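Scroll down for the structure; my scribbles are underneath it.
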Amino acid sequence: MADKEKRQSWRRTRRELHVSMSRHGRKWLKGVWKTTARTASELDGLSPLTTVLGRRLVESSEVREHAAGEELQQALRVAIVYGYAARMVLVDPTDQPSLRPSAFHLNVQSDVERLANDPATSKRLLDPIRSIASDKFDSVMTLPPEVWSGLEAIATQKLQRRFTSNKQALTWRELSRPRVEKMVRYGYVLRCLDETLDAEPKFREPGTDAEPGAGSEVAADAERGTAV
């Protein structure tokens, strides 16, 4: 735990990946990250249901961890988008397992629009999402642990660099790696939920700017290299 409390610097991320992965693995991971960041930058929003759930996950995390502030909410929303996009990128090429509606206490006839507009139902979905992300993540992510850990390390490094600069109000401790990892996993599981319901995210129109806190926050990173 003490090791995770350190700042996720570029050098630390690069060193971590060099220790845990081969050169070929790092090259593959770099390609996955670039595609993930590009996909995230193209999103104008998640599905109606997962947009609501993502917002509630961010808000509840702040309450539980006694944190607050629009800047932090914005950063955590971006972390969720990263995780959501990572699932979109990885699910087919790496043959990741899918979940049945029952994993979220839903049935096959569940309607995404109705669920999104029912506060009680959407609230009940938070517990299975948290459970899958924290205790059953291997049911939806079967890549070697060092691969997913590498993606989380890069996401943390990118977010800390963007949101904890001298012009930002956040410190890297507020945007710690454990906190980012949790949100990235939430985003990944939210995409699993959308797959279960045949729901799709909203893509921004070509040539338009993304809204702050989502695509625009990761668009610049899609054009930069990674620390691998």
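In the structure tokens, the first chain shown is A, the next is B, and so on; residue numbers restart at 1 for each chain, and ligands run from 1 in the order shown.
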
I want to know what sits within 9 Å of Ser176 (chain A), based on only C-alpha atoms, with residues of the same chain fewer than 4 positions away left out; could you give that as a PyMOL selection string?
chain A and resi 4-8+156+160+171-172+180-181

Fewer than 5 positions away in the same chain doesn't count, so skip those; otherwise give me all residues within 12 Å of Glu113 (chain A), counting only C-alpha atoms, as number ranges by chain.
A: 47-52, 118-119, 121-122, 194, 197-200

A:Leu193, A:Glu16, A:Trp10, A:Phe137: which is nearest Arg100 (chain A), counting only C-alpha atoms?
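When distances to Arg100 (chain A) are compared using only C-alpha atoms, the smallest one comes from A:Leu193.
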
State, in Å with one decimal place, the distance from CA of Ser60 (chain A) to CA of Leu106 (chain A).
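Distance reported for this atom pair: 22.1 Å.
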
Which residues are close to region 68-82 of chain A, i.e. within 10 Å by only C-alpha atoms, leaving aside same-chain residues fewer than 3 positions away? Reply as a VMD selection string.
chain A and resid 33 36 to 41 43 45 to 46 51 54 to 55 57 to 59 61 to 63 65 85 to 88 151 to 152 155 to 156 158 to 160 162 to 164 168 to 171 174 to 175 179 to 191 212 to 218

Name the residues of region 70-147 of chain A that come out as alpha helix (DSSP H) in a backbone DSSP run; write them as a PDB file with N, CA, C and O atoms, in the first residue's frame.
```
ATOM      1  N   GLU A  70     -15.204  20.229  -7.834  1.00  0.00           N
ATOM      2  CA  GLU A  70     -15.503  19.984  -9.237  1.00  0.00           C
ATOM      3  C   GLU A  70     -14.300  19.433  -9.986  1.00  0.00           C
ATOM      4  O   GLU A  70     -14.434  18.585 -10.863  1.00  0.00           O
ATOM      5  N   GLU A  71     -13.090  19.916  -9.647  1.00  0.00           N
ATOM      6  CA  GLU A  71     -11.897  19.436 -10.347  1.00  0.00           C
ATOM      7  C   GLU A  71     -11.709  17.942 -10.139  1.00  0.00           C
ATOM      8  O   GLU A  71     -11.386  17.197 -11.068  1.00  0.00           O
ATOM      9  N   LEU A  72     -11.916  17.489  -8.893  1.00  0.00           N
ATOM     10  CA  LEU A  72     -11.766  16.066  -8.621  1.00  0.00           C
ATOM     11  C   LEU A  72     -12.852  15.259  -9.316  1.00  0.00           C
ATOM     12  O   LEU A  72     -12.573  14.201  -9.893  1.00  0.00           O
ATOM     13  N   GLN A  73     -14.082  15.740  -9.285  1.00  0.00           N
ATOM     14  CA  GLN A  73     -15.156  15.041  -9.992  1.00  0.00           C
ATOM     15  C   GLN A  73     -14.830  14.903 -11.469  1.00  0.00           C
ATOM     16  O   GLN A  73     -15.059  13.853 -12.082  1.00  0.00           O
ATOM     17  N   GLN A  74     -14.316  15.966 -12.046  1.00  0.00           N
ATOM     18  CA  GLN A  74     -13.971  15.947 -13.465  1.00  0.00           C
ATOM     19  C   GLN A  74     -12.906  14.898 -13.742  1.00  0.00           C
ATOM     20  O   GLN A  74     -13.014  14.114 -14.697  1.00  0.00           O
ATOM     21  N   ALA A  75     -11.875  14.854 -12.917  1.00  0.00           N
ATOM     22  CA  ALA A  75     -10.800  13.878 -13.106  1.00  0.00           C
ATOM     23  C   ALA A  75     -11.313  12.452 -12.958  1.00  0.00           C
ATOM     24  O   ALA A  75     -10.941  11.561 -13.736  1.00  0.00           O
ATOM     25  N   LEU A  76     -12.178  12.213 -11.984  1.00  0.00           N
ATOM     26  CA  LEU A  76     -12.701  10.868 -11.774  1.00  0.00           C
ATOM     27  C   LEU A  76     -13.634  10.451 -12.905  1.00  0.00           C
ATOM     28  O   LEU A  76     -13.677   9.275 -13.280  1.00  0.00           O
ATOM     29  N   ARG A  77     -14.364  11.406 -13.460  1.00  0.00           N
ATOM     30  CA  ARG A  77     -15.208  11.088 -14.628  1.00  0.00           C
ATOM     31  C   ARG A  77     -14.336  10.659 -15.810  1.00  0.00           C
ATOM     32  O   ARG A  77     -14.688   9.744 -16.559  1.00  0.00           O
ATOM     33  N   VAL A  78     -13.211  11.342 -15.990  1.00  0.00           N
ATOM     34  CA  VAL A  78     -12.307  10.960 -17.072  1.00  0.00           C
ATOM     35  C   VAL A  78     -11.762   9.558 -16.840  1.00  0.00           C
ATOM     36  O   VAL A  78     -11.640   8.757 -17.778  1.00  0.00           O
ATOM     37  N   ALA A  79     -11.440   9.214 -15.589  1.00  0.00           N
ATOM     38  CA  ALA A  79     -10.955   7.869 -15.282  1.00  0.00           C
ATOM     39  C   ALA A  79     -12.000   6.823 -15.653  1.00  0.00           C
ATOM     40  O   ALA A  79     -11.671   5.758 -16.186  1.00  0.00           O
ATOM     41  N   ILE A  80     -13.269   7.106 -15.383  1.00  0.00           N
ATOM     42  CA  ILE A  80     -14.340   6.186 -15.760  1.00  0.00           C
ATOM     43  C   ILE A  80     -14.406   6.037 -17.275  1.00  0.00           C
ATOM     44  O   ILE A  80     -14.567   4.929 -17.803  1.00  0.00           O
ATOM     45  N   VAL A  81     -14.265   7.139 -17.990  1.00  0.00           N
ATOM     46  CA  VAL A  81     -14.281   7.080 -19.460  1.00  0.00           C
ATOM     47  C   VAL A  81     -13.111   6.236 -19.975  1.00  0.00           C
ATOM     48  O   VAL A  81     -13.262   5.455 -20.918  1.00  0.00           O
ATOM     49  N   TYR A  82     -11.942   6.383 -19.355  1.00  0.00           N
ATOM     50  CA  TYR A  82     -10.799   5.549 -19.741  1.00  0.00           C
ATOM     51  C   TYR A  82     -11.137   4.065 -19.603  1.00  0.00           C
ATOM     52  O   TYR A  82     -10.862   3.257 -20.504  1.00  0.00           O
ATOM     53  N   GLY A  83     -11.713   3.688 -18.460  1.00  0.00           N
ATOM     54  CA  GLY A  83     -12.048   2.285 -18.254  1.00  0.00           C
ATOM     55  C   GLY A  83     -13.089   1.790 -19.225  1.00  0.00           C
ATOM     56  O   GLY A  83     -13.000   0.665 -19.740  1.00  0.00           O
ATOM     57  N   TYR A  84     -14.086   2.607 -19.484  1.00  0.00           N
ATOM     58  CA  TYR A  84     -15.142   2.261 -20.438  1.00  0.00           C
ATOM     59  C   TYR A  84     -14.538   2.041 -21.827  1.00  0.00           C
ATOM     60  O   TYR A  84     -14.839   1.045 -22.504  1.00  0.00           O
ATOM     61  N   ALA A  85     -13.685   2.961 -22.236  1.00  0.00           N
ATOM     62  CA  ALA A  85     -13.058   2.846 -23.557  1.00  0.00           C
ATOM     63  C   ALA A  85     -12.126   1.645 -23.630  1.00  0.00           C
ATOM     64  O   ALA A  85     -12.024   0.984 -24.677  1.00  0.00           O
ATOM     65  N   ALA A  86     -11.438   1.338 -22.541  1.00  0.00           N
ATOM     66  CA  ALA A  86     -10.529   0.187 -22.531  1.00  0.00           C
ATOM     67  C   ALA A  86     -11.294  -1.102 -22.806  1.00  0.00           C
ATOM     68  O   ALA A  86     -10.831  -1.980 -23.540  1.00  0.00           O
ATOM     69  N   ARG A  87     -12.471  -1.229 -22.231  1.00  0.00           N
ATOM     70  CA  ARG A  87     -13.285  -2.410 -22.490  1.00  0.00           C
ATOM     71  C   ARG A  87     -13.689  -2.474 -23.959  1.00  0.00           C
ATOM     72  O   ARG A  87     -13.645  -3.549 -24.580  1.00  0.00           O
ATOM     73  N   MET A  88     -14.059  -1.349 -24.543  1.00  0.00           N
ATOM     74  CA  MET A  88     -14.425  -1.310 -25.953  1.00  0.00           C
ATOM     75  C   MET A  88     -13.271  -1.774 -26.832  1.00  0.00           C
ATOM     76  O   MET A  88     -13.466  -2.475 -27.824  1.00  0.00           O
ATOM     77  N   VAL A  89     -12.058  -1.393 -26.455  1.00  0.00           N
ATOM     78  CA  VAL A  89     -10.878  -1.721 -27.249  1.00  0.00           C
ATOM     79  C   VAL A  89     -10.483  -3.187 -27.084  1.00  0.00           C
ATOM     80  O   VAL A  89     -10.088  -3.854 -28.045  1.00  0.00           O
ATOM     81  N   LEU A  90     -10.610  -3.719 -25.870  1.00  0.00           N
ATOM     82  CA  LEU A  90     -10.061  -5.037 -25.555  1.00  0.00           C
ATOM     83  C   LEU A  90     -11.027  -6.193 -25.750  1.00  0.00           C
ATOM     84  O   LEU A  90     -10.593  -7.322 -25.974  1.00  0.00           O
ATOM     85  N   VAL A 112     -33.073  -0.115 -21.227  1.00  0.00           N
ATOM     86  CA  VAL A 112     -32.063   0.813 -20.724  1.00  0.00           C
ATOM     87  C   VAL A 112     -32.649   2.186 -20.441  1.00  0.00           C
ATOM     88  O   VAL A 112     -32.278   2.843 -19.452  1.00  0.00           O
ATOM     89  N   GLU A 113     -33.550   2.664 -21.268  1.00  0.00           N
ATOM     90  CA  GLU A 113     -34.142   3.983 -21.053  1.00  0.00           C
ATOM     91  C   GLU A 113     -34.987   3.995 -19.777  1.00  0.00           C
ATOM     92  O   GLU A 113     -34.937   4.945 -18.990  1.00  0.00           O
ATOM     93  N   ARG A 114     -35.756   2.942 -19.588  1.00  0.00           N
ATOM     94  CA  ARG A 114     -36.582   2.874 -18.380  1.00  0.00           C
ATOM     95  C   ARG A 114     -35.715   2.806 -17.136  1.00  0.00           C
ATOM     96  O   ARG A 114     -35.986   3.473 -16.126  1.00  0.00           O
ATOM     97  N   LEU A 115     -34.671   2.005 -17.204  1.00  0.00           N
ATOM     98  CA  LEU A 115     -33.764   1.892 -16.063  1.00  0.00           C
ATOM     99  C   LEU A 115     -33.111   3.230 -15.734  1.00  0.00           C
ATOM    100  O   LEU A 115     -32.962   3.599 -14.565  1.00  0.00           O
ATOM    101  N   ALA A 116     -32.710   3.961 -16.781  1.00  0.00           N
ATOM    102  CA  ALA A 116     -32.038   5.246 -16.567  1.00  0.00           C
ATOM    103  C   ALA A 116     -32.961   6.257 -15.900  1.00  0.00           C
ATOM    104  O   ALA A 116     -32.504   7.122 -15.144  1.00  0.00           O
ATOM    105  N   PRO A 119     -34.913   6.114 -10.652  1.00  0.00           N
ATOM    106  CA  PRO A 119     -33.851   6.322  -9.649  1.00  0.00           C
ATOM    107  C   PRO A 119     -33.635   5.130  -8.732  1.00  0.00           C
ATOM    108  O   PRO A 119     -32.494   4.800  -8.391  1.00  0.00           O
ATOM    109  N   ALA A 120     -34.704   4.459  -8.343  1.00  0.00           N
ATOM    110  CA  ALA A 120     -34.575   3.334  -7.426  1.00  0.00           C
ATOM    111  C   ALA A 120     -33.839   2.173  -8.081  1.00  0.00           C
ATOM    112  O   ALA A 120     -32.950   1.553  -7.482  1.00  0.00           O
ATOM    113  N   THR A 121     -34.191   1.885  -9.330  1.00  0.00           N
ATOM    114  CA  THR A 121     -33.549   0.777 -10.037  1.00  0.00           C
ATOM    115  C   THR A 121     -32.082   1.072 -10.312  1.00  0.00           C
ATOM    116  O   THR A 121     -31.213   0.217 -10.081  1.00  0.00           O
ATOM    117  N   SER A 122     -31.805   2.269 -10.803  1.00  0.00           N
ATOM    118  CA  SER A 122     -30.408   2.609 -11.096  1.00  0.00           C
ATOM    119  C   SER A 122     -29.566   2.611  -9.826  1.00  0.00           C
ATOM    120  O   SER A 122     -28.394   2.215  -9.846  1.00  0.00           O
ATOM    121  N   LYS A 123     -30.156   2.999  -8.707  1.00  0.00           N
ATOM    122  CA  LYS A 123     -29.423   2.974  -7.438  1.00  0.00           C
ATOM    123  C   LYS A 123     -29.066   1.551  -7.040  1.00  0.00           C
ATOM    124  O   LYS A 123     -27.975   1.287  -6.524  1.00  0.00           O
ATOM    125  N   ARG A 124     -29.995   0.616  -7.287  1.00  0.00           N
ATOM    126  CA  ARG A 124     -29.740  -0.790  -6.934  1.00  0.00           C
ATOM    127  C   ARG A 124     -28.632  -1.401  -7.776  1.00  0.00           C
ATOM    128  O   ARG A 124     -28.019  -2.390  -7.372  1.00  0.00           O
ATOM    129  N   LEU A 126     -25.802  -0.073  -8.411  1.00  0.00           N
ATOM    130  CA  LEU A 126     -24.478   0.343  -7.941  1.00  0.00           C
ATOM    131  C   LEU A 126     -23.758  -0.767  -7.179  1.00  0.00           C
ATOM    132  O   LEU A 126     -22.544  -0.946  -7.334  1.00  0.00           O
ATOM    133  N   ASP A 127     -24.486  -1.511  -6.364  1.00  0.00           N
ATOM    134  CA  ASP A 127     -23.839  -2.560  -5.573  1.00  0.00           C
ATOM    135  C   ASP A 127     -23.236  -3.664  -6.438  1.00  0.00           C
ATOM    136  O   ASP A 127     -22.071  -4.047  -6.231  1.00  0.00           O
ATOM    137  N   PRO A 128     -23.965  -4.226  -7.422  1.00  0.00           N
ATOM    138  CA  PRO A 128     -23.311  -5.237  -8.265  1.00  0.00           C
ATOM    139  C   PRO A 128     -22.153  -4.680  -9.081  1.00  0.00           C
ATOM    140  O   PRO A 128     -21.171  -5.392  -9.316  1.00  0.00           O
ATOM    141  N   ILE A 129     -22.235  -3.430  -9.494  1.00  0.00           N
ATOM    142  CA  ILE A 129     -21.117  -2.830 -10.234  1.00  0.00           C
ATOM    143  C   ILE A 129     -19.884  -2.756  -9.345  1.00  0.00           C
ATOM    144  O   ILE A 129     -18.785  -3.143  -9.753  1.00  0.00           O
ATOM    145  N   ARG A 130     -20.074  -2.270  -8.118  1.00  0.00           N
ATOM    146  CA  ARG A 130     -18.939  -2.197  -7.182  1.00  0.00           C
ATOM    147  C   ARG A 130     -18.387  -3.584  -6.876  1.00  0.00           C
ATOM    148  O   ARG A 130     -17.175  -3.785  -6.791  1.00  0.00           O
ATOM    149  N   SER A 131     -19.286  -4.551  -6.711  1.00  0.00           N
ATOM    150  CA  SER A 131     -18.862  -5.908  -6.373  1.00  0.00           C
ATOM    151  C   SER A 131     -18.040  -6.530  -7.501  1.00  0.00           C
ATOM    152  O   SER A 131     -16.989  -7.140  -7.257  1.00  0.00           O
ATOM    153  N   ILE A 132     -18.506  -6.383  -8.736  1.00  0.00           N
ATOM    154  CA  ILE A 132     -17.770  -6.942  -9.880  1.00  0.00           C
ATOM    155  C   ILE A 132     -16.414  -6.262 -10.019  1.00  0.00           C
ATOM    156  O   ILE A 132     -15.391  -6.912 -10.253  1.00  0.00           O
ATOM    157  N   ALA A 133     -16.379  -4.936  -9.860  1.00  0.00           N
ATOM    158  CA  ALA A 133     -15.140  -4.195 -10.029  1.00  0.00           C
ATOM    159  C   ALA A 133     -14.112  -4.520  -8.955  1.00  0.00           C
ATOM    160  O   ALA A 133     -12.898  -4.541  -9.230  1.00  0.00           O
ATOM    161  N   SER A 134     -14.570  -4.804  -7.745  1.00  0.00           N
ATOM    162  CA  SER A 134     -13.628  -5.007  -6.644  1.00  0.00           C
ATOM    163  C   SER A 134     -13.347  -6.468  -6.335  1.00  0.00           C
ATOM    164  O   SER A 134     -12.199  -6.841  -6.032  1.00  0.00           O
ATOM    165  N   ASP A 135     -14.381  -7.323  -6.412  1.00  0.00           N
ATOM    166  CA  ASP A 135     -14.229  -8.712  -5.970  1.00  0.00           C
ATOM    167  C   ASP A 135     -14.300  -9.748  -7.085  1.00  0.00           C
ATOM    168  O   ASP A 135     -13.845 -10.877  -6.895  1.00  0.00           O
ATOM    169  N   PRO A 145      -2.387 -10.150 -15.044  1.00  0.00           N
ATOM    170  CA  PRO A 145      -2.518  -9.015 -14.115  1.00  0.00           C
ATOM    171  C   PRO A 145      -1.587  -7.851 -14.435  1.00  0.00           C
ATOM    172  O   PRO A 145      -1.977  -6.687 -14.266  1.00  0.00           O
ATOM    173  N   GLU A 146      -0.371  -8.160 -14.908  1.00  0.00           N
ATOM    174  CA  GLU A 146       0.569  -7.073 -15.182  1.00  0.00           C
ATOM    175  C   GLU A 146       0.116  -6.204 -16.357  1.00  0.00           C
ATOM    176  O   GLU A 146       0.475  -5.026 -16.439  1.00  0.00           O
ATOM    177  N   VAL A 147      -0.681  -6.765 -17.252  1.00  0.00           N
ATOM    178  CA  VAL A 147      -1.177  -5.983 -18.387  1.00  0.00           C
ATOM    179  C   VAL A 147      -2.212  -4.965 -17.911  1.00  0.00           C
ATOM    180  O   VAL A 147      -2.129  -3.770 -18.213  1.00  0.00           O
TER     181      VAL A 147
END
```

In terms of only C-alpha atoms, the residue from A:Met141, A:Ile154, A:Val19, A:Leu125 at minimal distance from Val32 (chain A) is A:Ile154

Could you give me the residues within region 3-209 of chain A that DSSP places in strand (DSSP E or B), as a PyMOL selection string?
chain A and resi 43-45+202-203
